[in-house]
Amino acid sequence: MTIRTMTMEDYDSVWALWMSSKNMGFNNVDDSREGIARYLRRNPATSFVAVEGDAVVGVVLCGHDGRRGFIHHMCVAEAFRGQGIGSALLNCCLAALKAEDIHKTALLVFRRNEIGNAFWEKNGFTAREDVLYRNRALSELIRIDT
């Protein structure tokens, strides 16, 4: 298995992996081919894929705004979990953020995603009980929950 920087050539495989992973949330604009291309142009060195043979078995979509890092969609194919792939992907994106002088990162995870929450807790990400997450759509978005 190898881990390398994600490129747009990975999109179809990454999309298929995302759609096969439970308890994640996507939308038709930001996670479209065009949306991910825009994201990777802005953050070309901070998202990674884990590849076994020709198959993408793990992915982390990560970037920053110049001040804070943000981890968007991270998952490992169910058959490959428990092998350290998630931790390796996480370490790659954290090192990439640090190399770009980013000192703090955040993420969102659904409360119902027990596996994801356990992973993040194990890797030092704490839950914040003192803030509310708020958002406002600027365009019509269609949610895609897995």
# chains A, B, ... in the order shown; residues from 1 in each chain; ligands from 1

$ select_by_dssp --residues "region 15-76 of chain A" --states "strand (DSSP E)" --output "list in words"
Gly25, Phe26, Asn27, Phe48, Val49, Ala50, Val51, Glu52, Ala55, Val56, Val57, Gly58, Val59, Val60, Leu61, Cys62, Gly63, His64, Gly69, Phe70, Ile71, His72, His73, Met74, Cys75 and Val76 of chain A

$ write_last_selection --atoms "C-alpha atoms" --output "short mmCIF file (atom, residue, chain, number, x, y, z; two decimals), in the first residue's frame"
data_model
loop_
_atom_site.label_atom_id
_atom_site.label_comp_id
_atom_site.auth_asym_id
_atom_site.auth_seq_id
_atom_site.Cartn_x
_atom_site.Cartn_y
_atom_site.Cartn_z
CA GLY A 25 -22.21 13.84 4.40
CA PHE A 26 -21.62 15.32 0.97
CA ASN A 27 -23.34 17.70 -1.41
CA PHE A 48 -3.91 12.21 0.26
CA VAL A 49 -5.02 8.80 -0.99
CA ALA A 50 -3.98 5.33 0.13
CA VAL A 51 -3.64 2.99 -2.83
CA GLU A 52 -3.50 -0.80 -2.83
CA ALA A 55 -7.61 0.67 -5.87
CA VAL A 56 -7.98 3.75 -3.69
CA VAL A 57 -8.63 2.27 -0.24
CA GLY A 58 -8.38 5.46 1.82
CA VAL A 59 -8.64 9.21 1.37
CA VAL A 60 -8.32 12.40 3.38
CA LEU A 61 -9.48 15.70 1.91
CA CYS A 62 -7.64 18.39 3.82
CA GLY A 63 -6.71 22.00 3.30
CA HIS A 64 -6.45 25.41 4.89
CA GLY A 69 -6.50 23.70 8.66
CA PHE A 70 -9.67 21.75 8.03
CA ILE A 71 -10.15 18.04 7.43
CA HIS A 72 -13.21 17.45 5.30
CA HIS A 73 -13.77 13.88 4.20
CA MET A 74 -11.62 11.08 5.55
CA CYS A 75 -12.42 7.42 5.16
CA VAL A 76 -10.87 4.01 4.71
#

$ residues_around --residues "Glu9 (chain A)" --least-positions-apart "4" --cutoff "10 Å" --atoms "only C-alpha atoms" --output "PDB file with C-alpha atoms, in the first residue's frame"
ATOM      1  CA  SER A  13     -12.277   6.176  -7.198  1.00  0.00           C
ATOM      2  CA  VAL A  14     -12.495   8.607  -4.281  1.00  0.00           C
ATOM      3  CA  ALA A  37     -10.896  20.317  -8.638  1.00  0.00           C
TER       4      ALA A  37
END

$ residues_around --residues "Lys122 (chain A)" --least-positions-apart "6" --cutoff "12 Å" --atoms "only C-alpha atoms" --output "number ranges by chain"
A: 86-87, 90, 115-116

$ write_last_selection --atoms "N, CA and C atoms" --output "PDB file, in the first residue's frame"
ATOM      1  N   GLY A  86      -5.826   4.857   8.225  1.00  0.00           N
ATOM      2  CA  GLY A  86      -6.397   6.140   8.629  1.00  0.00           C
ATOM      3  C   GLY A  86      -5.388   6.998   9.367  1.00  0.00           C
ATOM      4  N   SER A  87      -4.670   6.396  10.275  1.00  0.00           N
ATOM      5  CA  SER A  87      -3.652   7.144  11.025  1.00  0.00           C
ATOM      6  C   SER A  87      -2.538   7.633  10.105  1.00  0.00           C
ATOM      7  N   LEU A  90      -3.895  10.560   8.162  1.00  0.00           N
ATOM      8  CA  LEU A  90      -3.980  11.703   9.063  1.00  0.00           C
ATOM      9  C   LEU A  90      -2.600  12.314   9.288  1.00  0.00           C
ATOM     10  N   ILE A 115     -17.744   5.085  14.741  1.00  0.00           N
ATOM     11  CA  ILE A 115     -16.400   4.672  14.324  1.00  0.00           C
ATOM     12  C   ILE A 115     -15.524   5.900  14.086  1.00  0.00           C
ATOM     13  N   GLY A 116     -16.060   6.882  13.389  1.00  0.00           N
ATOM     14  CA  GLY A 116     -15.302   8.099  13.123  1.00  0.00           C
ATOM     15  C   GLY A 116     -14.970   8.850  14.399  1.00  0.00           C
TER      16      GLY A 116
END

$ atom_distance --atom1 "CA of Arg41 (chain A)" --atom2 "CA of Asp12 (chain A)"
17.2 Å

$ closest_residue --among "A:Gln83, A:Thr146, A:Ser139, A:Thr126" --to "Ser20 (chain A)" --atoms "only C-alpha atoms"
A:Thr146

$ closest_residue --among "A:Val29, A:Ile102, A:Cys92, A:Ile85" --to "Asp65 (chain A)" --atoms "only C-alpha atoms"
A:Ile102

$ closest_residue --among "A:Asn117, A:Asp10, A:Leu17, A:Asn43" --to "Ala96 (chain A)" --atoms "only C-alpha atoms"
A:Asn43

$ closest_residue --among "A:Lys104, A:Tyr133, A:Ala99, A:Trp15" --to "Asn28 (chain A)" --atoms "only C-alpha atoms"
A:Trp15

$ atom_distance --atom1 "CA of Met19 (chain A)" --atom2 "CA of Asp145 (chain A)"
8.6 Å

$ select_by_dssp --residues "chain A" --states "helix (DSSP H, G or I)" --output "VMD selection string"
chain A and resid 8 to 20 33 to 42 78 to 80 85 to 99 114 to 122

$ atom_distance --atom1 "CA of Arg68 (chain A)" --atom2 "CA of Thr105 (chain A)"
5.6 Å

$ closest_residue --among "A:Ala137, A:Met6, A:Ile144, A:Leu132" --to "Ser47 (chain A)" --atoms "only C-alpha atoms"
A:Met6

$ closest_residue --among "A:Glu114, A:Asp31, A:Arg42, A:Glu129" --to "Leu141 (chain A)" --atoms "only C-alpha atoms"
A:Asp31
